[in-house]
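input_33.cif follows; it contains mmCIF, C-alpha atoms and all ligand atoms.
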data_coords
#
loop_
_atom_site.label_atom_id
_atom_site.label_comp_id
_atom_site.auth_asym_id
_atom_site.auth_seq_id
_atom_site.Cartn_x
_atom_site.Cartn_y
_atom_site.Cartn_z
CA MET I 1 -2.41 35.82 7.64
CA THR I 2 -3.99 39.00 6.27
CA LYS I 3 -7.31 39.95 7.84
CA THR I 4 -10.21 38.22 6.07
CA PRO I 5 -13.49 40.11 5.81
CA LEU I 6 -16.12 38.08 7.64
CA GLN I 7 -18.53 37.76 4.74
CA GLY I 8 -19.53 34.79 2.61
CA LEU I 9 -19.68 31.04 3.11
CA TYR I 10 -18.44 29.68 6.45
CA ALA I 11 -18.00 25.92 5.98
CA ILE I 12 -18.05 23.74 9.11
CA THR I 13 -16.55 20.26 8.98
CA PRO I 14 -18.85 17.26 9.45
CA ASP I 15 -18.59 15.44 12.77
CA ALA I 16 -17.92 12.10 11.10
CA PRO I 17 -15.16 9.45 11.28
CA LEU I 18 -13.81 10.31 7.81
CA PRO I 19 -10.20 9.40 6.95
CA LEU I 20 -8.12 12.53 7.54
CA ALA I 21 -6.97 12.73 3.90
CA THR I 22 -10.64 12.70 2.80
CA LEU I 23 -11.53 15.45 5.26
CA VAL I 24 -8.62 17.60 4.07
CA ASP I 25 -9.65 17.05 0.43
CA GLN I 26 -13.24 17.93 1.24
CA VAL I 27 -12.18 21.16 2.93
CA GLY I 28 -10.02 21.95 -0.11
CA ALA I 29 -13.06 21.41 -2.34
CA ALA I 30 -15.16 23.77 -0.19
CA ILE I 31 -12.43 26.41 -0.43
CA THR I 32 -12.31 25.98 -4.21
CA GLY I 33 -16.06 26.63 -4.18
CA GLY I 34 -15.47 29.92 -2.39
CA ALA I 35 -15.66 29.14 1.36
CA ARG I 36 -14.19 32.17 3.16
CA VAL I 37 -13.78 30.63 6.61
CA ILE I 38 -13.46 26.98 7.75
CA GLN I 39 -14.42 25.69 11.19
CA TYR I 40 -13.07 22.42 12.58
CA ARG I 41 -16.01 20.97 14.56
CA ASP I 42 -15.40 17.52 16.03
CA LYS I 43 -17.27 15.99 18.94
CA THR I 44 -16.11 12.44 18.14
CA HIS I 45 -12.36 12.00 18.25
CA PRO I 46 -10.06 11.85 21.29
CA PRO I 47 -7.67 14.78 21.97
CA ASP I 48 -4.63 13.39 20.13
CA GLU I 49 -6.61 12.71 16.98
CA ARG I 50 -8.31 16.09 17.19
CA ARG I 51 -4.86 17.70 17.39
CA ARG I 52 -3.68 15.75 14.32
CA ARG I 53 -6.81 16.62 12.34
CA ALA I 54 -6.85 20.28 13.27
CA GLY I 55 -3.14 20.56 12.41
CA ALA I 56 -3.66 19.04 8.96
CA LEU I 57 -6.65 21.29 8.31
CA LEU I 58 -4.73 24.35 9.44
CA ALA I 59 -1.91 23.51 6.99
CA ARG I 60 -4.47 23.15 4.16
CA CYS I 61 -6.19 26.39 5.06
CA ARG I 62 -2.89 28.27 5.30
CA VAL I 63 -1.99 27.22 1.72
CA ALA I 64 -5.29 28.76 0.59
CA GLY I 65 -5.06 31.85 2.82
CA VAL I 66 -8.36 30.93 4.49
CA PRO I 67 -8.73 31.16 8.27
CA LEU I 68 -9.31 28.01 10.34
CA ILE I 69 -11.48 28.40 13.42
CA VAL I 70 -11.51 25.66 16.08
CA ASN I 71 -14.91 24.91 17.62
CA ASP I 72 -15.19 24.73 21.43
CA ASP I 73 -11.53 24.05 22.23
CA LEU I 74 -9.65 27.25 23.08
CA GLU I 75 -6.55 25.40 24.27
CA LEU I 76 -6.29 23.47 20.98
CA ALA I 77 -6.62 26.72 19.05
CA VAL I 78 -3.82 28.26 21.14
CA GLU I 79 -1.56 25.21 20.84
CA LEU I 80 -1.89 25.06 17.05
CA GLY I 81 -1.80 28.78 16.40
CA ALA I 82 -5.19 28.53 14.67
CA ASP I 83 -6.84 31.69 13.41
CA GLY I 84 -9.59 31.65 15.99
CA VAL I 85 -12.10 29.83 18.12
CA HIS I 86 -15.87 29.48 18.15
CA LEU I 87 -17.36 29.59 21.65
CA GLY I 88 -20.72 28.23 22.79
CA ARG I 89 -22.53 28.53 26.10
CA ASP I 90 -20.31 25.89 27.78
CA ASP I 91 -17.03 27.41 26.62
CA PRO I 92 -14.69 30.09 28.02
CA ASP I 93 -15.56 33.78 27.92
CA PRO I 94 -14.57 35.77 24.77
CA ASN I 95 -12.34 37.97 26.96
CA ALA I 96 -10.33 34.91 28.01
CA ALA I 97 -10.09 33.74 24.41
CA ARG I 98 -8.89 37.17 23.27
CA GLU I 99 -6.24 37.19 25.98
CA ARG I 100 -4.97 33.74 24.96
CA LEU I 101 -5.21 34.12 21.15
CA GLY I 102 -4.31 37.78 20.69
CA GLU I 103 -5.74 40.84 18.98
CA ALA I 104 -5.78 39.41 15.45
CA ALA I 105 -7.72 36.23 16.33
CA ILE I 106 -11.24 35.61 15.10
CA ILE I 107 -13.44 34.90 18.10
CA GLY I 108 -16.98 33.78 17.35
CA VAL I 109 -19.77 33.43 19.89
CA SER I 110 -23.02 31.45 19.66
CA CYS I 111 -25.98 33.64 20.55
CA TYR I 112 -28.75 31.15 19.64
CA ASP I 113 -31.98 33.22 19.53
CA GLN I 114 -30.88 35.99 21.92
CA LEU I 115 -29.84 39.49 21.00
CA ALA I 116 -28.74 40.11 24.59
CA LEU I 117 -26.07 37.41 24.23
CA ALA I 118 -24.81 39.16 21.09
CA GLU I 119 -24.60 42.51 22.88
CA ALA I 120 -22.66 40.84 25.71
CA ALA I 121 -20.35 39.08 23.24
CA ALA I 122 -19.61 42.37 21.48
CA ALA I 123 -18.78 44.00 24.81
CA ALA I 124 -16.49 41.06 25.66
CA GLY I 125 -14.39 41.41 22.50
CA ALA I 126 -15.97 38.93 20.06
CA SER I 127 -15.25 39.19 16.32
CA TYR I 128 -18.62 37.86 15.16
CA VAL I 129 -21.91 36.70 16.62
CA ALA I 130 -23.78 33.60 15.44
CA PHE I 131 -27.53 32.96 15.50
CA GLY I 132 -29.53 29.84 14.76
CA SER I 133 -30.68 27.26 13.98
CA PHE I 134 -32.83 29.13 11.44
CA PHE I 135 -34.14 25.94 9.80
CA PRO I 136 -34.41 22.32 10.92
CA SER I 137 -30.94 20.82 11.08
CA THR I 138 -30.04 17.14 11.06
CA THR I 139 -26.64 18.14 12.51
CA LYS I 140 -28.25 19.77 15.57
CA PRO I 141 -31.91 18.77 15.67
CA LYS I 142 -32.71 20.23 19.10
CA ALA I 143 -31.37 23.74 18.47
CA VAL I 144 -33.61 26.76 19.15
CA ARG I 145 -35.29 28.38 16.13
CA PRO I 146 -35.02 32.18 15.89
CA ASP I 147 -36.92 34.24 13.34
CA PRO I 148 -34.75 35.72 10.55
CA GLY I 149 -35.84 39.16 11.82
CA LEU I 150 -33.30 38.64 14.62
CA LEU I 151 -30.56 39.20 12.02
CA THR I 152 -32.10 42.55 11.10
CA GLU I 153 -32.28 43.54 14.74
CA ALA I 154 -28.64 42.44 15.27
CA ARG I 155 -27.51 44.58 12.34
CA ARG I 156 -29.11 47.60 14.02
CA ARG I 157 -27.89 46.93 17.54
CA VAL I 158 -24.60 45.00 17.36
CA ALA I 159 -21.57 46.42 15.55
CA LEU I 160 -20.20 43.00 14.54
CA PRO I 161 -20.72 40.67 11.57
CA SER I 162 -23.59 38.20 12.05
CA VAL I 163 -23.36 34.52 11.13
CA ALA I 164 -26.53 32.53 10.41
CA ILE I 165 -26.48 28.77 10.97
CA GLY I 166 -28.76 25.76 10.87
CA GLY I 167 -30.38 23.89 7.99
CA ILE I 168 -29.24 26.49 5.46
CA THR I 169 -29.50 25.57 1.80
CA PRO I 170 -28.77 27.56 -1.37
CA HIS I 171 -32.57 28.00 -1.60
CA ASN I 172 -33.26 29.44 1.85
CA GLY I 173 -29.90 31.20 2.44
CA GLY I 174 -30.68 34.28 0.35
CA ALA I 175 -33.48 35.30 2.71
CA LEU I 176 -31.05 35.21 5.65
CA ILE I 177 -28.57 37.42 3.80
CA ALA I 178 -31.40 39.81 2.93
CA ALA I 179 -32.38 39.84 6.63
CA GLY I 180 -28.83 40.81 7.66
CA ALA I 181 -26.54 37.75 7.76
CA ASP I 182 -22.95 38.48 6.76
CA MET I 183 -21.98 34.80 6.68
CA LEU I 184 -23.86 31.54 6.19
CA ALA I 185 -22.44 28.69 8.28
CA VAL I 186 -23.13 25.30 6.74
CA VAL I 187 -22.28 21.65 7.38
CA THR I 188 -24.69 19.34 5.51
CA GLY I 189 -25.42 21.59 2.55
CA VAL I 190 -21.71 21.60 1.69
CA PHE I 191 -20.08 18.42 3.01
CA ALA I 192 -22.90 15.91 2.48
CA GLN I 193 -23.11 16.75 -1.22
CA ALA I 194 -21.65 14.67 -4.05
CA ASP I 195 -19.92 17.72 -5.56
CA ILE I 196 -18.64 19.78 -2.64
CA THR I 197 -17.09 22.49 -4.81
CA ALA I 198 -20.35 23.00 -6.71
CA ALA I 199 -22.33 23.00 -3.46
CA ALA I 200 -20.03 25.61 -1.91
CA ARG I 201 -20.23 27.67 -5.11
CA ALA I 202 -24.04 27.71 -4.91
CA TYR I 203 -23.81 29.42 -1.48
CA THR I 204 -20.98 31.72 -2.57
CA ASN I 205 -23.13 32.94 -5.46
CA LEU I 206 -25.76 34.18 -3.00
CA PHE I 207 -23.34 36.90 -1.86
CA PRO I 208 -22.49 40.12 -3.72
CA LYS I 209 -19.93 39.46 -6.49
CA GLU I 210 -17.19 41.63 -4.92
CA THR I 211 -16.97 39.21 -1.96
CA HIS I 212 -15.90 36.21 -4.09
C1 LIG I 301 -20.58 29.58 13.30
C2 LIG I 301 -21.17 28.73 14.37
N1 LIG I 301 -22.32 29.09 14.94
C3 LIG I 301 -22.87 28.34 15.91
C4 LIG I 301 -22.24 27.19 16.33
C5 LIG I 301 -22.84 26.35 17.43
O1 LIG I 301 -22.03 26.40 18.59
P1 LIG I 301 -22.54 25.67 19.94
O2 LIG I 301 -23.84 26.24 20.30
O3 LIG I 301 -21.46 25.74 20.94
O4 LIG I 301 -22.76 24.18 19.48
P2 LIG I 301 -21.68 23.14 18.94
O5 LIG I 301 -21.35 23.50 17.52
O6 LIG I 301 -20.46 23.20 19.81
O7 LIG I 301 -22.39 21.83 19.01
C6 LIG I 301 -21.04 26.83 15.70
N2 LIG I 301 -20.36 25.73 16.02
N3 LIG I 301 -20.52 27.63 14.73
C1 LIG I 302 -23.72 23.60 15.02
C2 LIG I 302 -25.09 24.11 14.84
N1 LIG I 302 -25.62 25.03 15.70
C3 LIG I 302 -26.87 25.39 15.37
S1 LIG I 302 -27.42 24.55 14.01
C4 LIG I 302 -25.94 23.74 13.84
C5 LIG I 302 -25.67 22.74 12.79
C6 LIG I 302 -25.55 23.30 11.41
O1 LIG I 302 -25.37 22.24 10.51
P1 LIG I 302 -26.24 22.07 9.18
O2 LIG I 302 -25.71 23.05 8.20
O3 LIG I 302 -25.96 20.64 8.78
O4 LIG I 302 -27.68 22.28 9.55
MG MG I 303 -19.84 24.60 21.12
#
Kindly present the structure from the file in structure tokens form.
Ligand SMILES: Cc1ncc(COP(=O)(O)OP(=O)(O)O)c(N)n1
Ligand SMILES: Cc1ncsc1CCOP(=O)(O)O
Ligand SMILES: [Mg+2]
Amino acid sequence: MTKTPLQGLYAITPDAPLPLATLVDQVGAAITGGARVIQYRDKTHPPDERRRRAGALLARCRVAGVPLIVNDDLELAVELGADGVHLGRDDPDPNAARERLGEAAIIGVSCYDQLALAEAAAAAGASYVAFGSFFPSTTKPKAVRPDPGLLTEARRRVALPSVAIGGITPHNGGALIAAGADMLAVVTGVFAQADITAAARAYTNLFPKETH
């Protein structure tokens, strides 16, 4: 896959027991609405089902030329040949992920409300750093709440794209982009909407025209 610029809507799959065909269709609708990166995030299903789901999503994303990132599970990302992995505080080090997935892989790291974690992630070979939750999130209600100014500080001090996450809507997302976010990562605002393509489009339109 050609290298995708890490800018725009980053759609994260809902952690719900949806039929696989529905999930694949929903991801297709998000891509039609302009999603630039998809993350498979699943805390529910057992390993075999996660493998089946991630494989089907990877095939869908490949058709569209959109990268698929696997949340948490480096070994699944390696096994499938996914485009990358997103690592949180309980996951392997970015160096280990880079070694397993290779130079071209997209390796994202959660930095919560801490610039120091972002600096460490950059030094360890990450591709992007993620901050949040910027707003209350029903997906992750107990997440820490940084100030959007953290994105401005990250732009000055960390030479990597920044992803903002958590309770982001088409109404509050523009302020995060203005503060320095390169990508908006969204679950509910995309996948819990009646028209997923229109919802994704509303986020896509927050970004400069040349990125969509
Ligand atoms: C793009 C992006 N940013 C942050 C997260 C959160 O990761 P983590 O803190 O490991 O929490 P879980 O998503 O695993 O519950 C993410 N997944 N993606
Ligand atoms: C995984 C994660 N990490 C911080 S907030 C969040 C959930 C984002 O989901 P939503 O877009 O539904 O608030
Ligand atoms: Mg995680």
Mind dumping a table of every chain I residue within 9 Å of ligand LIG 302 (chain I), with the nearest atom pair and its distance in Å to one decimal, using all atoms listed in the file, sorted by chain and rising number, as a tab-separated table?
residue	atom	partner	partner_atom	distance
I:Ala11	CA	I:LIG302	O2	8.5
I:Ile12	CA	I:LIG302	O1	7.6
I:Pro14	CA	I:LIG302	O3	7.9
I:Arg41	CA	I:LIG302	C1	8.2
I:Ser110	CA	I:LIG302	N1	8.0
I:Tyr112	CA	I:LIG302	C3	7.4
I:Ala130	CA	I:LIG302	N1	8.8
I:Phe131	CA	I:LIG302	C3	7.6
I:Gly132	CA	I:LIG302	C3	5.2
I:Ser133	CA	I:LIG302	S1	4.2
I:Phe134	CA	I:LIG302	S1	7.5
I:Phe135	CA	I:LIG302	O4	7.4
I:Pro136	CA	I:LIG302	O4	6.9
I:Ser137	CA	I:LIG302	O4	3.9
I:Thr138	CA	I:LIG302	O3	5.8
I:Thr139	CA	I:LIG302	O3	4.5
I:Lys140	CA	I:LIG302	C5	4.8
I:Pro141	CA	I:LIG302	S1	7.5
I:Lys142	CA	I:LIG302	S1	8.5
I:Ala143	CA	I:LIG302	C3	5.7
I:Val144	CA	I:LIG302	C3	7.8
I:Arg145	CA	I:LIG302	C3	9.0
I:Ala164	CA	I:LIG302	C3	8.7
I:Ile165	CA	I:LIG302	S1	5.3
I:Gly166	CA	I:LIG302	S1	3.6
I:Gly167	CA	I:LIG302	O4	3.5
I:Ile168	CA	I:LIG302	O2	5.6
I:Thr169	CA	I:LIG302	O2	7.9
I:Leu184	CA	I:LIG302	O2	8.9
I:Ala185	CA	I:LIG302	O2	6.5
I:Val186	CA	I:LIG302	O2	3.7
I:Val187	CA	I:LIG302	O2	3.8
I:Thr188	CA	I:LIG302	O3	3.7
I:Gly189	CA	I:LIG302	O2	5.8
I:Val190	CA	I:LIG302	O2	7.8
I:Phe191	CA	I:LIG302	O3	8.5
I:Ala192	CA	I:LIG302	O3	8.5
Would you pick out the contacts of Arg62 (chain I) at 12 Å or less, using all atoms listed in the file, so that residues sharing its chain but fewer than 4 positions from it are not included, and give the list as a list in words?
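My reading of the contact set: Met1, Thr2, Val27, Gly28, Ile31, Val37, Ile38, Ala54, Gly55, Ala56, Leu57, Leu58, Val66, Pro67, Leu68, Ile69, Gly81, Ala82 and Asp83 of chain I.
CA of Ser127 (chain I) is found 12.1 Å from CA of Gln7 (chain I).
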Figure out the distance between atom MG of ligand MG 303 (chain I) and CA of Asp90 (chain I), please, to one decimal in Å.
6.8 Å
Which residues are close to Ala178 (chain I), i.e. within 12 Å by all atoms listed in the file, leaving aside same-chain residues fewer than 4 positions away? Reply as JSON, numbers by chain.
{"I": [148, 149, 150, 151, 152, 155, 164, 172, 173, 174, 182, 183, 184, 206, 207, 208]}
Atoms to include: C-alpha atoms. Write the selected residues as a PDB file, keeping the file's coordinate frame.
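And here's selection29.pdb as it stands now:
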ATOM      1  CA  PRO I 148     -34.750  35.720  10.550  1.00  0.00           C
ATOM      2  CA  GLY I 149     -35.840  39.160  11.820  1.00  0.00           C
ATOM      3  CA  LEU I 150     -33.300  38.640  14.620  1.00  0.00           C
ATOM      4  CA  LEU I 151     -30.560  39.200  12.020  1.00  0.00           C
ATOM      5  CA  THR I 152     -32.100  42.550  11.100  1.00  0.00           C
ATOM      6  CA  ARG I 155     -27.510  44.580  12.340  1.00  0.00           C
ATOM      7  CA  ALA I 164     -26.530  32.530  10.410  1.00  0.00           C
ATOM      8  CA  ASN I 172     -33.260  29.440   1.850  1.00  0.00           C
ATOM      9  CA  GLY I 173     -29.900  31.200   2.440  1.00  0.00           C
ATOM     10  CA  GLY I 174     -30.680  34.280   0.350  1.00  0.00           C
ATOM     11  CA  ASP I 182     -22.950  38.480   6.760  1.00  0.00           C
ATOM     12  CA  MET I 183     -21.980  34.800   6.680  1.00  0.00           C
ATOM     13  CA  LEU I 184     -23.860  31.540   6.190  1.00  0.00           C
ATOM     14  CA  LEU I 206     -25.760  34.180  -3.000  1.00  0.00           C
ATOM     15  CA  PHE I 207     -23.340  36.900  -1.860  1.00  0.00           C
ATOM     16  CA  PRO I 208     -22.490  40.120  -3.720  1.00  0.00           C
TER      17      PRO I 208
END
Emit as AutoDock Vina command-line options the padded axis-aligned box for all listed atoms of region 94-105 of chain I, 4 Å per side, with centre and edge lengths in Å to one decimal.
--center_x -9.4 --center_y 37.3 --center_z 21.7 --size_x 18.3 --size_y 15.1 --size_z 20.6
Check which residues fall inside 8 Å of ligand MG 303 (chain I) when counting only C-alpha atoms and all ligand atoms, and print them as a ChimeraX atom specification.
/I:71-72,86-91,110
Residues within 10 Å of Pro17 (chain I), please, as a list in words. Count only C-alpha atoms; anything in the same chain fewer than 4 positions from it doesn't count.
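Counting only C-alpha atoms, the residues come to Leu23, Asp42, Thr44 and His45 of chain I.
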Store the residues picked out above, limited to C-alpha atoms, as a compact mmCIF listing (two decimals), keeping the file's coordinate frame.
# COMPACT_ATOMS: atom_id res chain seq x y z
CA LEU I 23 -11.53 15.45 5.26
CA ASP I 42 -15.40 17.52 16.03
CA THR I 44 -16.11 12.44 18.14
CA HIS I 45 -12.36 12.00 18.25
Calculated over all atoms listed in the file, which of the candidates I:Ala120, I:Ala64, I:Ala194, I:Leu160 has the smallest distance to Ile106 (chain I)?
I:Leu160
Here is a test: counting all atoms listed in the file, which residue of I:Leu76, I:Val163, I:Ala123, I:Ala154 is nearest to ligand LIG 301 (chain I)?
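Once distances to ligand LIG 301 (chain I) are computed over all atoms listed in the file, the minimum belongs to I:Val163.
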Would you please work out which residue, of I:Gly65, I:Leu20, I:Asp147, I:Asp195, is nearest to Ala175 (chain I) when using only C-alpha atoms?
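Result for the nearest residue to Ala175 (chain I): I:Asp147.
Computed from the coordinates, the CA of Ala181 (chain I) to CA of Lys43 (chain I) distance equals 26.2 Å.
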Atoms added to region 151-166 of chain I (N, CA and C atoms), reported as a PDB file, in the frame of the given file:
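Resulting contents of selection27.pdb:
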ATOM      1  N   LEU I 151     -31.768  38.738  12.728  1.00  0.00           N
ATOM      2  CA  LEU I 151     -30.560  39.200  12.020  1.00  0.00           C
ATOM      3  C   LEU I 151     -30.664  40.693  11.701  1.00  0.00           C
ATOM      4  N   THR I 152     -31.873  41.132  11.402  1.00  0.00           N
ATOM      5  CA  THR I 152     -32.100  42.550  11.100  1.00  0.00           C
ATOM      6  C   THR I 152     -31.886  43.385  12.362  1.00  0.00           C
ATOM      7  N   GLU I 153     -32.427  42.860  13.452  1.00  0.00           N
ATOM      8  CA  GLU I 153     -32.280  43.540  14.740  1.00  0.00           C
ATOM      9  C   GLU I 153     -30.794  43.590  15.145  1.00  0.00           C
ATOM     10  N   ALA I 154     -30.066  42.486  14.913  1.00  0.00           N
ATOM     11  CA  ALA I 154     -28.640  42.440  15.270  1.00  0.00           C
ATOM     12  C   ALA I 154     -27.857  43.457  14.449  1.00  0.00           C
ATOM     13  N   ARG I 155     -28.213  43.596  13.182  1.00  0.00           N
ATOM     14  CA  ARG I 155     -27.510  44.580  12.340  1.00  0.00           C
ATOM     15  C   ARG I 155     -27.673  45.985  12.899  1.00  0.00           C
ATOM     16  N   ARG I 156     -28.865  46.267  13.442  1.00  0.00           N
ATOM     17  CA  ARG I 156     -29.110  47.600  14.020  1.00  0.00           C
ATOM     18  C   ARG I 156     -28.382  47.791  15.343  1.00  0.00           C
ATOM     19  N   ARG I 157     -28.298  46.742  16.140  1.00  0.00           N
ATOM     20  CA  ARG I 157     -27.890  46.930  17.540  1.00  0.00           C
ATOM     21  C   ARG I 157     -26.504  46.407  17.897  1.00  0.00           C
ATOM     22  N   VAL I 158     -25.903  45.601  17.024  1.00  0.00           N
ATOM     23  CA  VAL I 158     -24.600  45.000  17.360  1.00  0.00           C
ATOM     24  C   VAL I 158     -23.615  45.325  16.230  1.00  0.00           C
ATOM     25  N   ALA I 159     -22.520  45.959  16.577  1.00  0.00           N
ATOM     26  CA  ALA I 159     -21.570  46.420  15.550  1.00  0.00           C
ATOM     27  C   ALA I 159     -20.560  45.326  15.189  1.00  0.00           C
ATOM     28  N   LEU I 160     -21.065  44.124  14.932  1.00  0.00           N
ATOM     29  CA  LEU I 160     -20.200  43.000  14.540  1.00  0.00           C
ATOM     30  C   LEU I 160     -20.884  42.249  13.410  1.00  0.00           C
ATOM     31  N   PRO I 161     -20.105  41.527  12.585  1.00  0.00           N
ATOM     32  CA  PRO I 161     -20.720  40.670  11.570  1.00  0.00           C
ATOM     33  C   PRO I 161     -21.581  39.592  12.234  1.00  0.00           C
ATOM     34  N   SER I 162     -22.691  39.258  11.571  1.00  0.00           N
ATOM     35  CA  SER I 162     -23.590  38.200  12.050  1.00  0.00           C
ATOM     36  C   SER I 162     -23.452  36.970  11.172  1.00  0.00           C
ATOM     37  N   VAL I 163     -23.384  35.808  11.823  1.00  0.00           N
ATOM     38  CA  VAL I 163     -23.360  34.520  11.130  1.00  0.00           C
ATOM     39  C   VAL I 163     -24.691  33.829  11.362  1.00  0.00           C
ATOM     40  N   ALA I 164     -25.297  33.333  10.289  1.00  0.00           N
ATOM     41  CA  ALA I 164     -26.530  32.530  10.410  1.00  0.00           C
ATOM     42  C   ALA I 164     -26.153  31.064  10.234  1.00  0.00           C
ATOM     43  N   ILE I 165     -26.798  30.196  11.022  1.00  0.00           N
ATOM     44  CA  ILE I 165     -26.480  28.770  10.970  1.00  0.00           C
ATOM     45  C   ILE I 165     -27.763  27.951  11.128  1.00  0.00           C
ATOM     46  N   GLY I 166     -27.723  26.730  10.587  1.00  0.00           N
ATOM     47  CA  GLY I 166     -28.760  25.760  10.870  1.00  0.00           C
ATOM     48  C   GLY I 166     -29.688  25.475   9.705  1.00  0.00           C
TER      49      GLY I 166
END
